[in-house]
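Undergrad: File name model_18.txt; file contents compact mmCIF, C-alpha atoms and all ligand atoms; full text below.
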```
# COMPACT_ATOMS: atom_id res chain seq x y z
CA MET A 293 27.05 -39.94 39.10
CA ASN A 294 28.85 -43.19 39.83
CA ILE A 295 26.80 -43.73 42.91
CA ARG A 296 23.59 -43.27 41.01
CA LEU A 297 24.73 -45.56 38.27
CA SER A 298 25.75 -48.41 40.47
CA LEU A 299 22.62 -48.03 42.52
CA SER A 300 20.39 -47.98 39.51
CA LEU A 301 22.08 -51.03 38.15
CA ALA A 302 21.68 -52.84 41.42
CA ALA A 303 18.06 -51.88 41.58
CA ILE A 304 17.25 -52.88 38.06
CA PHE A 305 18.96 -56.23 38.26
CA ALA A 306 17.56 -56.92 41.68
CA LEU A 307 14.01 -56.24 40.61
CA SER A 308 14.32 -58.57 37.68
CA ALA A 309 16.57 -61.33 38.92
CA GLY A 310 14.42 -64.36 39.33
CA CYS A 311 12.43 -62.91 42.19
CA ALA A 312 9.40 -61.80 40.25
CA PRO A 313 7.26 -59.39 42.20
CA HIS A 314 4.11 -61.09 43.35
CA GLU A 315 0.83 -60.12 41.84
CA PRO A 316 -1.05 -57.63 43.99
CA PRO A 317 -4.44 -58.82 45.23
CA GLY A 318 -6.09 -56.07 43.18
CA GLY A 319 -4.78 -57.69 40.01
CA THR A 320 -7.14 -60.63 40.28
CA VAL A 321 -9.98 -60.42 37.82
CA VAL A 322 -13.37 -62.00 38.37
CA ARG A 323 -14.27 -64.07 35.35
CA PRO A 324 -17.29 -62.41 33.72
CA THR A 325 -18.75 -65.52 32.06
CA ALA A 326 -17.97 -69.18 32.15
CA THR A 327 -16.94 -69.20 28.50
CA ARG A 328 -14.64 -66.20 28.65
CA PRO A 329 -11.55 -66.93 30.70
CA ALA A 330 -9.94 -64.06 32.56
CA PRO A 331 -6.68 -62.90 30.98
CA ALA A 332 -3.54 -63.95 32.80
CA ARG A 333 -2.15 -60.42 32.90
CA PRO A 334 -5.26 -58.25 33.03
CA VAL A 335 -3.38 -55.04 33.67
CA LEU A 336 -1.72 -55.28 30.26
CA ARG A 337 -4.88 -56.06 28.32
CA VAL A 338 -6.27 -52.59 27.89
CA ALA A 339 -8.17 -51.10 24.98
CA GLY A 340 -6.41 -50.34 21.71
CA GLY A 341 -5.11 -46.98 20.52
CA ASN A 342 -1.78 -45.27 20.78
CA ALA A 343 -0.02 -43.32 23.47
CA GLY A 344 0.42 -39.56 23.18
CA GLY A 345 2.46 -37.76 20.54
CA ASN A 346 1.88 -37.57 16.78
CA TYR A 347 4.06 -40.22 15.22
CA SER A 348 3.61 -41.82 11.85
CA ALA A 349 5.93 -43.53 9.40
CA SER A 350 5.78 -46.37 6.90
CA ARG A 351 8.90 -48.02 8.31
CA VAL A 352 11.48 -47.55 11.05
CA SER A 353 14.32 -45.23 10.06
CA GLY A 354 17.20 -43.82 12.10
CA ASP A 355 19.29 -45.71 14.66
CA TYR A 356 16.82 -48.60 14.84
CA ALA A 357 16.17 -49.16 11.16
CA ALA A 358 16.23 -52.85 10.19
CA TYR A 359 16.43 -54.33 13.67
CA PRO A 360 14.64 -57.70 13.45
CA GLY A 361 14.09 -57.73 17.21
CA LEU A 362 12.35 -54.37 17.09
CA GLU A 363 10.23 -55.48 14.14
CA ARG A 364 9.04 -58.48 16.15
CA PHE A 365 8.37 -56.25 19.14
CA ILE A 366 6.30 -53.88 17.00
CA ASP A 367 4.30 -56.84 15.65
CA LYS A 368 3.56 -57.85 19.22
CA MET A 369 2.47 -54.36 20.28
CA VAL A 370 0.16 -54.22 17.26
CA THR A 371 -1.41 -57.66 17.58
CA GLN A 372 -1.52 -58.00 21.36
CA HIS A 373 -2.06 -54.44 22.48
CA GLY A 374 -3.72 -52.69 19.57
CA PHE A 375 -1.10 -50.02 18.88
CA SER A 376 -0.99 -48.84 15.30
CA ARG A 377 1.98 -49.92 13.25
CA ASP A 378 2.52 -46.48 11.71
CA TYR A 379 2.60 -44.87 15.13
CA LEU A 380 5.24 -47.29 16.40
CA TYR A 381 7.31 -46.95 13.22
CA GLY A 382 7.28 -43.20 13.74
CA LEU A 383 8.04 -43.40 17.44
CA PHE A 384 10.98 -45.76 17.05
CA SER A 385 12.35 -43.78 14.10
CA GLN A 386 13.36 -41.08 16.58
CA ALA A 387 14.66 -43.47 19.29
CA GLN A 388 18.38 -43.13 19.83
CA ARG A 389 20.88 -45.88 20.40
CA LYS A 390 22.91 -45.10 23.53
CA GLN A 391 26.40 -46.47 22.98
CA TRP A 392 27.50 -45.23 26.39
CA THR A 393 24.89 -47.42 28.06
CA ILE A 394 25.92 -50.49 26.10
CA ASP A 395 29.58 -49.91 26.95
CA TYR A 396 28.75 -49.34 30.59
CA MET A 397 26.63 -52.47 30.86
CA ASN A 398 29.28 -54.57 29.19
CA GLN A 399 31.86 -53.37 31.72
CA GLU A 400 29.76 -54.68 34.57
CA LYS A 401 31.85 -56.66 37.02
CA PRO A 402 30.68 -59.91 38.59
CA THR A 403 29.35 -59.61 42.11
CA VAL A 404 32.06 -59.97 44.72
CA ALA A 405 31.82 -60.46 48.46
CA PRO A 406 31.55 -57.18 50.41
CA LYS A 407 34.98 -55.83 51.29
CA PRO A 408 36.10 -54.77 54.76
CA GLY A 409 34.93 -51.21 55.36
CA GLY A 410 32.49 -51.35 52.47
CA TRP A 411 29.50 -50.50 54.61
CA THR A 412 31.17 -47.42 56.07
CA ARG A 413 31.87 -46.10 52.58
CA TYR A 414 28.39 -46.97 51.28
CA ARG A 415 26.64 -45.44 54.27
CA ALA A 416 28.58 -42.19 53.95
CA LYS A 417 27.15 -41.63 50.48
CA PHE A 418 23.59 -41.42 51.84
CA LEU A 419 23.75 -40.55 55.53
CA ASP A 420 24.96 -37.01 54.99
CA ASP A 421 23.62 -33.57 55.65
CA GLN A 422 22.35 -33.13 52.10
CA HIS A 423 20.15 -36.22 52.22
CA ILE A 424 18.96 -35.67 55.80
CA GLY A 425 18.25 -31.97 55.33
CA ALA A 426 16.37 -32.56 52.07
CA GLY A 427 14.37 -35.32 53.76
CA VAL A 428 13.32 -33.07 56.65
CA SER A 429 12.32 -30.34 54.23
CA PHE A 430 10.34 -32.79 52.07
CA TRP A 431 8.58 -34.15 55.16
CA SER A 432 7.60 -30.60 56.19
CA ARG A 433 6.16 -29.86 52.75
CA HIS A 434 4.31 -33.17 52.37
CA ALA A 435 3.43 -34.08 55.94
CA ALA A 436 -0.27 -34.55 55.18
CA ALA A 437 0.32 -36.95 52.28
CA LEU A 438 2.91 -38.92 54.25
CA GLU A 439 0.49 -39.25 57.16
CA ARG A 440 -2.31 -40.33 54.83
CA ALA A 441 -0.09 -42.94 53.17
CA SER A 442 0.98 -44.19 56.56
CA GLN A 443 -2.67 -44.56 57.62
CA GLN A 444 -3.79 -46.19 54.39
CA PHE A 445 -0.88 -48.56 53.78
CA GLY A 446 0.62 -48.97 57.26
CA VAL A 447 4.10 -47.90 56.12
CA SER A 448 5.96 -45.42 58.31
CA PRO A 449 6.74 -42.01 56.75
CA GLU A 450 10.44 -42.32 57.48
CA HIS A 451 10.77 -45.45 55.34
CA ILE A 452 8.96 -43.85 52.41
CA LEU A 453 11.36 -40.92 52.84
CA GLY A 454 14.36 -43.24 53.10
CA ILE A 455 13.59 -44.71 49.68
CA MET A 456 13.11 -41.33 48.00
CA GLY A 457 16.28 -39.99 49.59
CA VAL A 458 18.49 -42.87 48.51
CA GLU A 459 16.92 -43.06 45.04
CA THR A 460 16.76 -39.41 43.97
CA ILE A 461 17.36 -37.06 46.95
CA TYR A 462 13.67 -36.12 46.77
CA GLY A 463 13.71 -35.38 43.09
CA ALA A 464 17.07 -33.59 42.89
CA ASN A 465 18.55 -36.49 40.93
CA LEU A 466 15.87 -37.86 38.64
CA GLY A 467 18.06 -38.91 35.75
CA THR A 468 18.46 -37.24 32.37
CA HIS A 469 18.08 -40.18 30.00
CA ARG A 470 15.03 -40.42 27.76
CA ILE A 471 13.25 -43.60 28.81
CA ILE A 472 12.43 -44.52 25.21
CA ASP A 473 16.14 -44.43 24.30
CA ALA A 474 17.22 -46.24 27.47
CA LEU A 475 14.78 -49.12 27.09
CA THR A 476 15.09 -49.44 23.32
CA THR A 477 18.88 -49.62 23.62
CA LEU A 478 18.82 -52.20 26.40
CA ALA A 479 16.07 -54.27 24.76
CA PHE A 480 17.73 -54.51 21.34
CA ASP A 481 21.44 -53.85 21.86
CA TYR A 482 22.13 -55.68 25.10
CA PRO A 483 21.33 -59.36 24.50
CA ARG A 484 22.16 -60.52 28.01
CA ARG A 485 19.07 -58.81 29.47
CA ALA A 486 17.05 -58.33 26.30
CA GLU A 487 14.02 -60.24 27.52
CA TYR A 488 13.72 -58.19 30.70
CA PHE A 489 14.18 -54.82 29.04
CA GLU A 490 11.86 -55.67 26.16
CA SER A 491 9.20 -56.48 28.72
CA GLU A 492 9.86 -53.14 30.42
CA LEU A 493 9.60 -51.37 27.06
CA GLU A 494 6.24 -53.07 26.52
CA SER A 495 5.10 -51.89 29.96
CA PHE A 496 6.42 -48.39 29.24
CA LEU A 497 4.31 -48.03 26.09
CA ILE A 498 1.24 -49.29 27.93
CA MET A 499 1.98 -46.90 30.78
CA SER A 500 2.34 -44.01 28.32
CA ARG A 501 -0.97 -44.88 26.71
CA SER A 502 -2.76 -45.16 30.05
CA GLN A 503 -1.53 -41.67 30.96
CA GLN A 504 -1.97 -40.30 27.42
CA GLN A 505 1.67 -39.30 27.55
CA ASP A 506 4.11 -38.92 24.67
CA PRO A 507 6.60 -41.80 25.21
CA SER A 508 9.47 -39.66 23.92
CA ARG A 509 9.18 -37.23 26.83
CA PRO A 510 9.78 -39.00 30.18
CA LYS A 511 13.36 -38.99 31.43
CA GLY A 512 14.98 -41.06 34.12
CA SER A 513 17.88 -43.40 34.80
CA PHE A 514 19.91 -44.91 31.98
CA ALA A 515 18.12 -48.19 32.70
CA GLY A 516 14.60 -46.80 32.54
CA ALA A 517 13.69 -46.03 36.17
CA MET A 518 11.42 -43.03 36.63
CA GLY A 519 10.30 -40.42 39.09
CA LEU A 520 10.97 -39.70 42.75
CA GLY A 521 10.95 -43.40 43.66
CA GLN A 522 12.65 -44.61 40.44
CA PHE A 523 9.91 -47.03 39.43
CA MET A 524 10.46 -49.26 36.44
CA PRO A 525 7.48 -49.32 34.03
CA SER A 526 6.33 -52.78 35.22
CA SER A 527 6.26 -51.43 38.78
CA PHE A 528 4.24 -48.47 37.58
CA LEU A 529 1.61 -50.84 36.16
CA LYS A 530 1.47 -52.88 39.35
CA TYR A 531 1.97 -50.41 42.16
CA ALA A 532 1.57 -46.78 41.11
CA VAL A 533 -1.39 -44.96 42.64
CA ASP A 534 -3.05 -41.61 42.04
CA PHE A 535 -2.58 -40.29 45.55
CA ASP A 536 -3.39 -36.62 44.99
CA GLY A 537 -6.67 -37.45 43.27
CA ASP A 538 -6.10 -35.57 40.00
CA GLY A 539 -6.96 -38.63 37.92
CA ARG A 540 -3.39 -39.35 36.81
CA LYS A 541 -0.65 -41.58 38.18
CA ASN A 542 2.38 -39.35 37.99
CA LEU A 543 5.65 -40.77 39.34
CA TRP A 544 7.15 -37.26 39.34
CA ASN A 545 4.37 -35.86 41.52
CA PRO A 546 5.44 -35.99 45.20
CA GLU A 547 2.07 -37.17 46.50
CA ASP A 548 1.65 -39.87 43.86
CA ALA A 549 5.23 -41.01 44.53
CA ILE A 550 4.57 -41.19 48.28
CA GLY A 551 1.45 -43.28 47.78
CA SER A 552 3.08 -45.50 45.17
CA ILE A 553 6.09 -46.36 47.35
CA ALA A 554 3.83 -47.07 50.32
CA HIS A 555 1.63 -49.26 48.12
CA TYR A 556 4.69 -51.14 46.86
CA PHE A 557 5.81 -51.92 50.40
CA ALA A 558 2.30 -52.85 51.50
CA GLU A 559 1.95 -55.32 48.63
CA TYR A 560 5.24 -56.93 49.60
CA GLY A 561 3.98 -57.55 53.11
CA TRP A 562 5.06 -54.58 55.23
CA ARG A 563 3.90 -55.11 58.80
CA ALA A 564 2.60 -51.90 60.34
CA GLY A 565 4.26 -50.93 63.58
CA GLU A 566 6.79 -53.76 63.56
CA PRO A 567 10.53 -53.14 63.83
CA VAL A 568 12.87 -53.28 60.84
CA VAL A 569 16.20 -54.21 62.31
CA SER A 570 18.07 -54.51 65.61
CA PRO A 571 21.76 -54.45 66.45
CA ALA A 572 22.90 -57.92 67.48
CA ILE A 573 24.77 -58.65 70.69
CA VAL A 574 27.38 -61.24 69.82
CA VAL A 575 29.18 -63.39 72.38
CA GLY A 576 32.15 -65.46 71.26
CA ASN A 577 33.10 -66.04 67.64
CA GLN A 578 30.67 -68.74 66.51
CA VAL A 579 28.91 -66.07 64.42
CA GLU A 580 31.75 -66.27 61.92
CA GLY A 581 30.57 -69.71 60.84
CA LEU A 582 27.04 -68.57 60.01
CA LYS A 583 25.70 -67.49 56.66
CA THR A 584 24.63 -63.86 56.61
CA GLY A 585 22.44 -61.73 54.37
CA PHE A 586 18.92 -60.37 54.02
CA ASP A 587 17.70 -63.70 52.64
CA THR A 588 18.95 -65.87 55.52
CA ARG A 589 16.36 -67.33 57.89
CA TYR A 590 17.01 -68.14 61.55
CA SER A 591 14.90 -68.60 64.62
CA LEU A 592 15.91 -66.50 67.59
CA ALA A 593 16.62 -69.75 69.45
CA THR A 594 19.08 -70.89 66.78
CA LEU A 595 20.89 -67.58 66.86
CA ALA A 596 21.01 -67.72 70.66
CA SER A 597 22.69 -71.12 70.46
CA TYR A 598 25.48 -69.42 68.50
CA GLY A 599 25.81 -66.62 71.06
CA ILE A 600 23.78 -64.05 69.10
CA ARG A 601 20.72 -62.16 70.26
CA PRO A 602 19.02 -58.97 69.11
CA LYS A 603 19.38 -55.98 71.38
CA LEU A 604 15.70 -55.32 70.77
CA ASP A 605 13.34 -57.55 72.72
CA TYR A 606 10.78 -58.36 70.05
CA PRO A 607 9.22 -61.74 69.29
CA ALA A 608 9.75 -63.01 65.75
CA ASP A 609 9.40 -66.46 64.21
CA GLU A 610 12.13 -65.88 61.68
CA VAL A 611 14.83 -63.28 61.33
CA SER A 612 17.83 -62.73 59.09
CA LEU A 613 21.40 -62.32 60.27
CA LEU A 614 23.08 -59.30 58.70
CA ARG A 615 26.77 -58.50 58.57
CA LEU A 616 27.85 -54.94 57.82
CA ARG A 617 31.51 -54.53 57.06
CA ALA A 618 32.44 -51.29 58.82
CA THR A 619 35.90 -49.74 58.85
CA GLN A 620 36.39 -50.56 62.51
CA GLY A 621 35.20 -54.14 62.07
CA ASP A 622 32.11 -56.12 61.19
CA ASP A 623 28.78 -55.13 62.77
CA TYR A 624 26.02 -57.70 63.11
CA TYR A 625 22.30 -56.99 63.00
CA VAL A 626 19.11 -59.01 63.16
CA GLY A 627 16.66 -58.24 60.36
CA TYR A 628 12.91 -58.52 60.88
CA PRO A 629 10.39 -59.19 58.10
CA ASN A 630 10.12 -55.45 57.33
CA PHE A 631 13.84 -55.37 56.53
CA TYR A 632 13.22 -58.04 53.92
CA VAL A 633 10.38 -55.95 52.47
CA ILE A 634 12.78 -53.04 51.89
CA THR A 635 15.06 -55.38 49.95
CA ARG A 636 12.20 -56.02 47.50
CA TYR A 637 12.98 -52.52 46.19
CA ASN A 638 16.61 -53.40 45.67
CA HIS A 639 17.97 -56.81 46.63
CA SER A 640 20.82 -55.55 48.79
CA THR A 641 21.49 -55.56 52.53
CA TYR A 642 23.44 -52.30 52.35
CA TYR A 643 20.71 -50.62 50.32
CA ALA A 644 17.99 -51.57 52.79
CA MET A 645 20.10 -50.55 55.77
CA ALA A 646 20.87 -47.17 54.17
CA VAL A 647 17.15 -46.61 53.52
CA HIS A 648 16.35 -47.49 57.12
CA GLN A 649 19.10 -45.45 58.73
CA LEU A 650 18.50 -42.43 56.51
CA GLY A 651 14.82 -42.60 57.48
CA GLN A 652 15.72 -42.74 61.17
CA ALA A 653 18.10 -39.79 60.88
CA ILE A 654 15.44 -37.74 59.09
CA LYS A 655 12.82 -38.65 61.67
CA GLN A 656 15.09 -37.66 64.54
CA ARG A 657 15.83 -34.26 63.03
CA TYR A 658 12.24 -33.69 61.90
CA LEU A 659 10.76 -34.42 65.33
CA GLY A 660 13.45 -32.36 67.04
CA ARG A 661 12.84 -29.22 65.00
CA CA B 701 -2.07 -37.95 40.65
```
Go ahead and express the file in the form of structure tokens.
Ligand SMILES: [Ca+2]

TA:
Amino acid sequence: MNIRLSLSLAAIFALSAGCAPHEPPGGTVVRPTATRPAPARPVLRVAGGNAGGNYSASRVSGDYAAYPGLERFIDKMVTQHGFSRDYLYGLFSQAQRKQWTIDYMNQEKPTVAPKPGGWTRYRAKFLDDQHIGAGVSFWSRHAAALERASQQFGVSPEHILGIMGVETIYGANLGTHRIIDALTTLAFDYPRRAEYFESELESFLIMSRSQQQDPSRPKGSFAGAMGLGQFMPSSFLKYAVDFDGDGRKNLWNPEDAIGSIAHYFAEYGWRAGEPVVSPAIVVGNQVEGLKTGFDTRYSLATLASYGIRPKLDYPADEVSLLRLRATQGDDYYVGYPNFYVITRYNHSTYYAMAVHQLGQAIKQRYLGR
């Protein structure tokens, strides 16, 4: 539970912390006439109507009665997106305020530098027999979809599997929180991130309408992440695909989740066939004076001048220098552009390395069956 919570938190904050996901090329709209400008956020400007479920009330009652912030939000959903006011009053009358979530979020500690041995402990939570075995089994069951996603988006199956393993153990750990409660609580009872979570709540209602789904039904993480790949609603709108061709984008459907994760990586610039990371060979101790992390940028020549070179012989204009704090000492790696792409899912070196190494372990066992 604690692992999931801290991970979810990291993921949510990472996805929203000043590094706004870029707009996918498909989001560009051709202006139909010279006098009618294209909307800035076309994906959100869909036809009116409500999402699924029969809700109706003349005002909000229950936990969220008389919340000015919610009233303003409802006004926005009515005027900008064409939802009916009675529907939203009814829907939010049954939303529940999650005190546990508020308490948990308020306990959040400031980020501290990774401690010695931290990587060894982090890695052990994901690189275990449960994760690897479930990954091999999932690959066997969904080999065709993984191959198709790999062909279409250029993303290797083992990295799609690495994400799903770390996020939910292939659906074994999807989260039990109603998304409507999670997002309503964080949007209106957690001021520090209210803007972000209100935007996610907006996306969630639009998502629910696009899928004709009752917004009170989906469950996921306490922060609103859903499905096998733990997509936030804004990521659903940007990156989810209908990969099994049934006409719906369903984050809980394995094939749709496979395609959606591959699409996410592709839109963030995954380079087909290129390496992700290489162990670094370090001579001397000049490395200790260098900044490390997934967002550092070095040329191979610069690293060489400090006595550092990747074990892998692969040409790259820019790489990152990664330090993993293992129990027996610090390990250094060189990260290629694909490593950075994995961190777009969760802005963390350890997260991306766990995804990569879990994927490699699954691949090794899968191919050796
Ligand atoms: Ca589908």

Undergrad: Any chance you could tabulate, as a tab-separated table, the residues of chain A at most 6 Å from ligand CA 701 (chain B) with each one's nearest atom pair and distance in Å to one decimal, using all atoms listed in the file, in chain and rising number order?

TA:
```
residue	atom	partner	partner_atom	distance
A:Asp534	CA	B:CA701	CA	4.0
A:Phe535	CA	B:CA701	CA	5.5
A:Asp536	CA	B:CA701	CA	4.7
A:Gly537	CA	B:CA701	CA	5.3
A:Asp538	CA	B:CA701	CA	4.7
A:Gly539	CA	B:CA701	CA	5.6
A:Arg540	CA	B:CA701	CA	4.3
A:Lys541	CA	B:CA701	CA	4.6
A:Asn542	CA	B:CA701	CA	5.4
A:Asp548	CA	B:CA701	CA	5.3
```

Undergrad: Of the candidates A:Met645, A:Val574, A:Val633, A:Ile550, which one gets nearest to A:Asp587 if we count all atoms listed in the file?

TA: A:Val633

Undergrad: Quick one: distance from atom CA of A:Gly519 to atom CA of A:Gln649 in Å, one decimal?

TA: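 Straight-line distance from atom CA of A:Gly519 to atom CA of A:Gln649 works out to 22.1 Å.
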
Undergrad: Would you work out the distance separating atom CA of A:Trp562 from atom CA of A:Asn638, expressed in Å to one decimal?

TA: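 Going from atom CA of A:Trp562 over to atom CA of A:Asn638 covers 15.0 Å.
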
Undergrad: One decimal, in Å: what's the spacing between atom CA of A:Trp431 and atom CA of A:Ile455?

TA: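 Here the two named atoms are 12.9 Å from each other.
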
Undergrad: Please determine, counting only C-alpha atoms, which residue among A:Gly585, A:Gly463, A:Gly361, A:Gly344 has the shortest atom-to-atom distance to A:Glu487.

TA: A:Gly361

Undergrad: Filtering to N, CA and C atoms, could stretch 425-436 of chain A of the supplied structure be written out as a PDB file, in the first residue's frame?

TA:
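Resulting contents of part_23.pdb:
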```pdb
ATOM      1  N   GLY A 425       7.055 -12.642 -12.908  1.00  0.00           N
ATOM      2  CA  GLY A 425       6.178 -13.738 -13.315  1.00  0.00           C
ATOM      3  C   GLY A 425       4.880 -13.225 -13.931  1.00  0.00           C
ATOM      4  N   ALA A 426       4.293 -12.203 -13.323  1.00  0.00           N
ATOM      5  CA  ALA A 426       3.044 -11.641 -13.855  1.00  0.00           C
ATOM      6  C   ALA A 426       3.292 -10.995 -15.220  1.00  0.00           C
ATOM      7  N   GLY A 427       4.469 -10.410 -15.400  1.00  0.00           N
ATOM      8  CA  GLY A 427       4.809  -9.793 -16.679  1.00  0.00           C
ATOM      9  C   GLY A 427       4.957 -10.820 -17.788  1.00  0.00           C
ATOM     10  N   VAL A 428       5.594 -11.937 -17.475  1.00  0.00           N
ATOM     11  CA  VAL A 428       5.764 -13.012 -18.469  1.00  0.00           C
ATOM     12  C   VAL A 428       4.393 -13.573 -18.854  1.00  0.00           C
ATOM     13  N   SER A 429       3.561 -13.774 -17.864  1.00  0.00           N
ATOM     14  CA  SER A 429       2.224 -14.308 -18.115  1.00  0.00           C
ATOM     15  C   SER A 429       1.399 -13.336 -18.963  1.00  0.00           C
ATOM     16  N   PHE A 430       1.492 -12.045 -18.639  1.00  0.00           N
ATOM     17  CA  PHE A 430       0.747 -11.029 -19.398  1.00  0.00           C
ATOM     18  C   PHE A 430       1.237 -10.993 -20.850  1.00  0.00           C
ATOM     19  N   TRP A 431       2.555 -11.083 -21.019  1.00  0.00           N
ATOM     20  CA  TRP A 431       3.124 -11.071 -22.365  1.00  0.00           C
ATOM     21  C   TRP A 431       2.582 -12.268 -23.166  1.00  0.00           C
ATOM     22  N   SER A 432       2.542 -13.444 -22.535  1.00  0.00           N
ATOM     23  CA  SER A 432       2.042 -14.639 -23.222  1.00  0.00           C
ATOM     24  C   SER A 432       0.595 -14.444 -23.662  1.00  0.00           C
ATOM     25  N   ARG A 433      -0.207 -13.842 -22.817  1.00  0.00           N
ATOM     26  CA  ARG A 433      -1.638 -13.675 -23.122  1.00  0.00           C
ATOM     27  C   ARG A 433      -1.876 -12.578 -24.158  1.00  0.00           C
ATOM     28  N   HIS A 434      -0.995 -11.584 -24.211  1.00  0.00           N
ATOM     29  CA  HIS A 434      -1.255 -10.427 -25.072  1.00  0.00           C
ATOM     30  C   HIS A 434      -0.119 -10.178 -26.058  1.00  0.00           C
ATOM     31  N   ALA A 435       0.515 -11.256 -26.475  1.00  0.00           N
ATOM     32  CA  ALA A 435       1.676 -11.133 -27.366  1.00  0.00           C
ATOM     33  C   ALA A 435       1.318 -10.412 -28.661  1.00  0.00           C
ATOM     34  N   ALA A 436       0.157 -10.722 -29.219  1.00  0.00           N
ATOM     35  CA  ALA A 436      -0.208 -10.128 -30.514  1.00  0.00           C
ATOM     36  C   ALA A 436      -0.386  -8.611 -30.387  1.00  0.00           C
TER      37      ALA A 436
END
```
